[in-house]
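A short worksheet on the structure shown next.
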Amino acid sequence: MSEFDIDLIKEIYRLRKEERDKHVREPDVYYVTDLVRCPLKREFELRYPEISLYEIMSPPTILGEFVHKGLQKLLTEIYGSDVEIEVEGEKKLSLPQGNVVRVKGRCDAIVKKDNKRIGIEIKSGRSDYGIPLEHHMDQARIYNWLFDLDETYLIYITYERVAQYKIKDKISEEELIIRITSNTYPRYVWECSYCPFSIICPYKKISK
Ligand code: SF4
């Protein structure tokens, strides 16, 4: 028997697990996040889906989710019916080999303003070092393509800085195909230190 009358930790676990279970990997689907990180992680997630399960209760990720929810509520208060929250999008793409894949993504918010469609992507973390980060700018460029946006704003909420950056550039389909078919592992050396699959990965890079 528990000494607690309510168990919020279990509720957070349940809600995050339900959300994760909604997004079971499909072989022909590439999420936007797959295209801005090590391509091998997608392969490992298809083959060994349980290995990364512990990330459900990762404290930085939970904190990040709460920052998202807070800012999304603020956006709704400010823009009312002119903002959509957690917008899902999907486009098909033909690869040179002839097969068709689907690119899927979920934008934190899309605001309609002055005949423009503006994406909002929220980033939170401890440090503001190097912001806006390259893979975040790439993510915004892909959203501009996927959701036919005029621009995407990266909103950083960190311990050291709260700042926004406007990304107008749109990724080309040629670059997307290069990213989908890439077999350069990892995309960034630092990724391996945070990767749940590093325990089985022959390509793991050890940074000194
Ligand atoms: S350990 Fe590194 S190379 Fe291997 S899957 Fe993870 S990020 Fe990619």
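Residues in the structure tokens are named by chain (A, B, ... in the order shown) and by number from 1 within that chain; ligands are numbered from 1 in the order shown.
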Expected selection as a ChimeraX atom specification for ligand 1 within 12 Å, only C-alpha atoms and all ligand atoms: /A:34,36-45,47-48,51-52,183-207
Could you write those residues out with N, CA, C and O atoms, as a short mmCIF file (atom, residue, chain, number, x, y, z; two decimals), in the first residue's frame?
data_model
loop_
_atom_site.label_atom_id
_atom_site.label_comp_id
_atom_site.auth_asym_id
_atom_site.auth_seq_id
_atom_site.Cartn_x
_atom_site.Cartn_y
_atom_site.Cartn_z
N ASP A 34 13.63 12.85 -36.88
CA ASP A 34 14.57 11.86 -37.44
C ASP A 34 15.56 12.51 -38.40
O ASP A 34 16.65 12.00 -38.61
N VAL A 36 16.94 15.47 -38.28
CA VAL A 36 17.88 16.45 -37.73
C VAL A 36 18.77 15.80 -36.66
O VAL A 36 19.37 16.48 -35.85
N ARG A 37 18.80 14.46 -36.64
CA ARG A 37 19.62 13.76 -35.64
C ARG A 37 20.26 12.55 -36.32
O ARG A 37 20.07 12.30 -37.52
N CYS A 38 20.98 11.75 -35.53
CA CYS A 38 21.66 10.56 -36.06
C CYS A 38 20.63 9.63 -36.73
O CYS A 38 19.67 9.19 -36.09
N PRO A 39 20.82 9.29 -38.03
CA PRO A 39 19.84 8.45 -38.73
C PRO A 39 19.70 7.05 -38.13
O PRO A 39 18.66 6.41 -38.27
N LEU A 40 20.75 6.61 -37.45
CA LEU A 40 20.72 5.25 -36.91
C LEU A 40 19.72 5.10 -35.75
O LEU A 40 19.20 4.02 -35.50
N LYS A 41 19.44 6.20 -35.07
CA LYS A 41 18.49 6.13 -33.94
C LYS A 41 17.13 5.64 -34.43
O LYS A 41 16.45 4.87 -33.75
N ARG A 42 16.71 6.08 -35.61
CA ARG A 42 15.43 5.64 -36.16
C ARG A 42 15.45 4.12 -36.38
O ARG A 42 14.49 3.42 -36.06
N GLU A 43 16.57 3.63 -36.93
CA GLU A 43 16.68 2.17 -37.17
C GLU A 43 16.61 1.40 -35.86
O GLU A 43 15.93 0.39 -35.75
N PHE A 44 17.33 1.91 -34.85
CA PHE A 44 17.31 1.23 -33.55
C PHE A 44 15.92 1.29 -32.92
O PHE A 44 15.49 0.34 -32.27
N GLU A 45 15.22 2.41 -33.09
CA GLU A 45 13.87 2.51 -32.51
C GLU A 45 12.92 1.51 -33.15
O GLU A 45 12.03 0.98 -32.49
N ARG A 47 13.90 -1.41 -34.39
CA ARG A 47 14.32 -2.77 -34.03
C ARG A 47 14.20 -3.04 -32.53
O ARG A 47 13.86 -4.14 -32.11
N TYR A 48 14.52 -2.03 -31.71
CA TYR A 48 14.55 -2.22 -30.25
C TYR A 48 13.74 -1.13 -29.56
O TYR A 48 14.30 -0.27 -28.87
N ILE A 51 14.24 -0.11 -25.67
CA ILE A 51 15.49 0.39 -25.06
C ILE A 51 15.37 1.84 -24.61
O ILE A 51 15.91 2.22 -23.58
N SER A 52 14.63 2.64 -25.37
CA SER A 52 14.56 4.06 -25.01
C SER A 52 13.35 4.40 -24.13
O SER A 52 13.06 5.56 -23.88
N ASN A 183 23.62 7.81 -44.43
CA ASN A 183 24.12 6.79 -43.49
C ASN A 183 25.41 7.27 -42.84
O ASN A 183 26.35 6.51 -42.66
N THR A 184 25.38 8.54 -42.46
CA THR A 184 26.48 9.10 -41.67
C THR A 184 26.06 9.05 -40.20
O THR A 184 25.07 9.67 -39.81
N TYR A 185 26.79 8.27 -39.42
CA TYR A 185 26.44 8.07 -38.01
C TYR A 185 27.57 8.55 -37.10
O TYR A 185 28.70 8.12 -37.34
N PRO A 186 27.31 9.33 -36.08
CA PRO A 186 26.09 10.08 -35.81
C PRO A 186 26.05 11.33 -36.68
O PRO A 186 27.00 11.59 -37.42
N ARG A 187 25.01 12.12 -36.59
CA ARG A 187 24.99 13.40 -37.32
C ARG A 187 25.88 14.40 -36.60
O ARG A 187 26.60 15.17 -37.21
N TYR A 188 25.81 14.39 -35.26
CA TYR A 188 26.67 15.26 -34.42
C TYR A 188 27.36 14.36 -33.40
O TYR A 188 26.71 13.49 -32.81
N VAL A 189 28.65 14.59 -33.17
CA VAL A 189 29.42 13.72 -32.27
C VAL A 189 28.81 13.73 -30.85
O VAL A 189 28.75 12.69 -30.19
N TRP A 190 28.32 14.89 -30.41
CA TRP A 190 27.80 14.99 -29.04
C TRP A 190 26.57 14.10 -28.82
O TRP A 190 26.23 13.78 -27.68
N GLU A 191 25.89 13.70 -29.89
CA GLU A 191 24.66 12.92 -29.73
C GLU A 191 24.87 11.61 -28.97
O GLU A 191 24.00 11.16 -28.23
N CYS A 192 26.04 10.98 -29.20
CA CYS A 192 26.26 9.64 -28.62
C CYS A 192 26.22 9.67 -27.09
O CYS A 192 25.80 8.69 -26.47
N SER A 193 26.64 10.79 -26.49
CA SER A 193 26.65 10.86 -25.02
C SER A 193 25.25 10.84 -24.44
O SER A 193 25.06 10.53 -23.27
N TYR A 194 24.25 11.22 -25.23
CA TYR A 194 22.88 11.28 -24.73
C TYR A 194 22.00 10.19 -25.34
O TYR A 194 20.79 10.19 -25.16
N CYS A 195 22.61 9.26 -26.06
CA CYS A 195 21.82 8.32 -26.86
C CYS A 195 21.55 7.02 -26.09
O CYS A 195 22.47 6.34 -25.63
N PRO A 196 20.28 6.62 -25.95
CA PRO A 196 19.96 5.38 -25.23
C PRO A 196 20.51 4.14 -25.93
O PRO A 196 20.70 3.10 -25.31
N PHE A 197 20.79 4.24 -27.24
CA PHE A 197 21.27 3.08 -27.99
C PHE A 197 22.79 2.97 -27.97
O PHE A 197 23.35 2.06 -28.60
N SER A 198 23.45 3.88 -27.28
CA SER A 198 24.92 3.83 -27.24
C SER A 198 25.41 2.53 -26.61
O SER A 198 26.54 2.11 -26.86
N ILE A 199 24.55 1.86 -25.83
CA ILE A 199 24.97 0.61 -25.18
C ILE A 199 25.09 -0.56 -26.16
O ILE A 199 25.64 -1.61 -25.81
N ILE A 200 24.57 -0.39 -27.38
CA ILE A 200 24.67 -1.48 -28.35
C ILE A 200 25.24 -1.01 -29.69
O ILE A 200 25.34 -1.80 -30.63
N CYS A 201 25.58 0.26 -29.78
CA CYS A 201 25.87 0.84 -31.09
C CYS A 201 27.35 0.70 -31.49
O CYS A 201 28.23 1.17 -30.78
N PRO A 202 27.62 0.08 -32.65
CA PRO A 202 29.01 -0.06 -33.08
C PRO A 202 29.61 1.26 -33.58
O PRO A 202 30.82 1.35 -33.76
N TYR A 203 28.78 2.25 -33.83
CA TYR A 203 29.27 3.53 -34.38
C TYR A 203 29.45 4.61 -33.31
O TYR A 203 29.76 5.74 -33.64
N LYS A 204 29.22 4.25 -32.08
CA LYS A 204 29.30 5.25 -30.99
C LYS A 204 30.62 6.00 -31.04
O LYS A 204 31.69 5.39 -31.14
N LYS A 205 30.53 7.32 -30.98
CA LYS A 205 31.74 8.16 -30.93
C LYS A 205 31.91 8.62 -29.48
O LYS A 205 30.97 9.09 -28.86
N ILE A 206 33.14 8.48 -29.01
CA ILE A 206 33.41 8.89 -27.63
C ILE A 206 34.12 10.23 -27.68
O ILE A 206 35.24 10.32 -28.19
N SER A 207 33.46 11.27 -27.16
CA SER A 207 34.11 12.59 -27.16
C SER A 207 34.91 12.76 -25.88
O SER A 207 34.48 12.35 -24.80
#
Residues flagged strand (DSSP E) by DSSP in region 9-174 of chain A, as a ChimeraX atom specification: /A:29-31,83-94,100-113,116-125,151-158,162-167
Keeping C-alpha atoms for every residue in the selection just given, could you write it to a file as a PDB file, in the first residue's frame?
ATOM      1  CA  VAL A  29       7.415   7.223 -41.870  1.00  0.00           C
ATOM      2  CA  TYR A  30      10.176   9.712 -41.158  1.00  0.00           C
ATOM      3  CA  TYR A  31       9.473  12.181 -38.391  1.00  0.00           C
ATOM      4  CA  VAL A  83      -3.445  30.050 -33.080  1.00  0.00           C
ATOM      5  CA  GLU A  84      -3.476  26.279 -33.477  1.00  0.00           C
ATOM      6  CA  ILE A  85      -1.624  24.184 -30.914  1.00  0.00           C
ATOM      7  CA  GLU A  86       0.246  20.900 -31.544  1.00  0.00           C
ATOM      8  CA  VAL A  87      -0.429  20.906 -35.269  1.00  0.00           C
ATOM      9  CA  GLU A  88       0.263  17.586 -37.017  1.00  0.00           C
ATOM     10  CA  GLY A  89       1.362  17.508 -40.646  1.00  0.00           C
ATOM     11  CA  GLU A  90       2.297  14.898 -43.247  1.00  0.00           C
ATOM     12  CA  LYS A  91       3.656  15.041 -46.803  1.00  0.00           C
ATOM     13  CA  LYS A  92       4.703  12.281 -49.181  1.00  0.00           C
ATOM     14  CA  LEU A  93       8.098  12.200 -50.826  1.00  0.00           C
ATOM     15  CA  SER A  94       9.360   9.945 -53.645  1.00  0.00           C
ATOM     16  CA  VAL A 100       7.428   6.677 -51.424  1.00  0.00           C
ATOM     17  CA  VAL A 101       7.918   7.705 -47.789  1.00  0.00           C
ATOM     18  CA  ARG A 102       5.857   9.920 -45.538  1.00  0.00           C
ATOM     19  CA  VAL A 103       7.399  12.843 -43.653  1.00  0.00           C
ATOM     20  CA  LYS A 104       5.439  13.602 -40.484  1.00  0.00           C
ATOM     21  CA  GLY A 105       5.845  16.288 -37.864  1.00  0.00           C
ATOM     22  CA  ARG A 106       4.129  18.140 -35.083  1.00  0.00           C
ATOM     23  CA  CYS A 107       4.637  21.881 -34.770  1.00  0.00           C
ATOM     24  CA  ASP A 108       4.193  23.350 -31.268  1.00  0.00           C
ATOM     25  CA  ALA A 109       1.918  26.084 -32.624  1.00  0.00           C
ATOM     26  CA  ILE A 110       0.959  27.892 -35.818  1.00  0.00           C
ATOM     27  CA  VAL A 111      -0.150  31.530 -35.603  1.00  0.00           C
ATOM     28  CA  LYS A 112      -2.084  33.329 -38.357  1.00  0.00           C
ATOM     29  CA  LYS A 113      -1.071  36.986 -38.511  1.00  0.00           C
ATOM     30  CA  LYS A 116       1.083  34.950 -42.775  1.00  0.00           C
ATOM     31  CA  ARG A 117       1.304  31.477 -41.306  1.00  0.00           C
ATOM     32  CA  ILE A 118       3.979  31.520 -38.611  1.00  0.00           C
ATOM     33  CA  GLY A 119       5.283  28.383 -36.928  1.00  0.00           C
ATOM     34  CA  ILE A 120       6.329  28.438 -33.267  1.00  0.00           C
ATOM     35  CA  GLU A 121       8.852  25.900 -32.013  1.00  0.00           C
ATOM     36  CA  ILE A 122       9.630  26.012 -28.298  1.00  0.00           C
ATOM     37  CA  LYS A 123      13.034  24.973 -26.986  1.00  0.00           C
ATOM     38  CA  SER A 124      13.919  24.774 -23.321  1.00  0.00           C
ATOM     39  CA  GLY A 125      17.054  23.836 -21.448  1.00  0.00           C
ATOM     40  CA  GLU A 151       8.495  31.469 -41.322  1.00  0.00           C
ATOM     41  CA  THR A 152       9.074  29.675 -38.038  1.00  0.00           C
ATOM     42  CA  TYR A 153      10.096  31.254 -34.755  1.00  0.00           C
ATOM     43  CA  LEU A 154      12.401  29.338 -32.450  1.00  0.00           C
ATOM     44  CA  ILE A 155      11.565  30.384 -28.896  1.00  0.00           C
ATOM     45  CA  TYR A 156      14.286  29.557 -26.355  1.00  0.00           C
ATOM     46  CA  ILE A 157      13.478  29.445 -22.653  1.00  0.00           C
ATOM     47  CA  THR A 158      16.724  28.748 -20.794  1.00  0.00           C
ATOM     48  CA  VAL A 162      14.803  33.963 -23.145  1.00  0.00           C
ATOM     49  CA  ALA A 163      15.124  34.736 -26.846  1.00  0.00           C
ATOM     50  CA  GLN A 164      13.427  34.248 -30.188  1.00  0.00           C
ATOM     51  CA  TYR A 165      14.868  33.689 -33.668  1.00  0.00           C
ATOM     52  CA  LYS A 166      13.070  33.917 -36.981  1.00  0.00           C
ATOM     53  CA  ILE A 167      13.855  31.250 -39.594  1.00  0.00           C
TER      54      ILE A 167
END
Hey, what does DSSP flag as alpha helix (DSSP H) within region 4-174 of chain A? Can you give it to me as an MDAnalysis selection string? chainID A and resid 8:21 39:47 59:79 134:146 173:174
Keeping only C-alpha atoms, write the selected residues as a compact mmCIF listing (two decimals), in the first residue's frame.
# COMPACT_ATOMS: atom_id res chain seq x y z
CA LEU A 8 1.23 12.38 -9.36
CA ILE A 9 4.44 10.65 -10.44
CA LYS A 10 2.42 7.68 -11.60
CA GLU A 11 -0.02 10.02 -13.39
CA ILE A 12 2.87 11.74 -15.21
CA TYR A 13 4.20 8.29 -16.16
CA ARG A 14 0.80 7.13 -17.38
CA LEU A 15 0.14 10.23 -19.48
CA ARG A 16 3.61 10.23 -21.04
CA LYS A 17 3.44 6.50 -21.77
CA GLU A 18 0.01 6.91 -23.42
CA GLU A 19 1.42 9.71 -25.58
CA ARG A 20 4.40 7.59 -26.56
CA ASP A 21 2.21 4.58 -27.38
CA PRO A 39 19.84 8.45 -38.73
CA LEU A 40 20.72 5.25 -36.91
CA LYS A 41 18.49 6.13 -33.94
CA ARG A 42 15.43 5.64 -36.16
CA GLU A 43 16.68 2.17 -37.17
CA PHE A 44 17.31 1.23 -33.55
CA GLU A 45 13.87 2.51 -32.51
CA LEU A 46 12.27 0.24 -35.13
CA ARG A 47 14.32 -2.77 -34.03
CA PRO A 59 13.46 14.91 -15.75
CA PRO A 60 14.74 17.39 -18.40
CA THR A 61 12.15 16.07 -20.88
CA ILE A 62 9.33 16.38 -18.33
CA LEU A 63 10.44 19.94 -17.49
CA GLY A 64 10.54 20.71 -21.22
CA GLU A 65 7.01 19.40 -21.66
CA PHE A 66 5.72 21.65 -18.88
CA VAL A 67 7.44 24.68 -20.44
CA HIS A 68 5.71 23.77 -23.71
CA LYS A 69 2.31 23.51 -22.06
CA GLY A 70 2.77 26.87 -20.28
CA LEU A 71 3.85 28.72 -23.41
CA GLN A 72 1.14 27.10 -25.53
CA LYS A 73 -1.46 28.28 -22.99
CA LEU A 74 -0.02 31.79 -23.18
CA LEU A 75 -0.18 31.71 -26.98
CA THR A 76 -3.84 30.70 -26.82
CA GLU A 77 -4.56 33.58 -24.40
CA ILE A 78 -2.82 36.07 -26.71
CA TYR A 79 -3.92 34.88 -30.17
CA GLU A 134 21.97 24.19 -36.05
CA HIS A 135 19.64 21.20 -35.71
CA HIS A 136 16.88 23.45 -34.36
CA MET A 137 17.24 25.77 -37.36
CA ASP A 138 17.09 22.71 -39.64
CA GLN A 139 13.93 21.58 -37.85
CA ALA A 140 12.37 25.02 -38.46
CA ARG A 141 13.36 24.88 -42.15
CA ILE A 142 11.63 21.47 -42.45
CA TYR A 143 8.49 22.81 -40.72
CA ASN A 144 8.39 25.69 -43.22
CA TRP A 145 8.22 23.06 -45.97
CA LEU A 146 5.92 20.57 -44.22
CA GLU A 173 13.05 18.27 -51.29
CA GLU A 174 16.55 17.39 -52.60
Separating CA of Ile180 (chain A) from CA of Leu95 (chain A), to the nearest tenth of an Å, is a gap of 8.7 Å
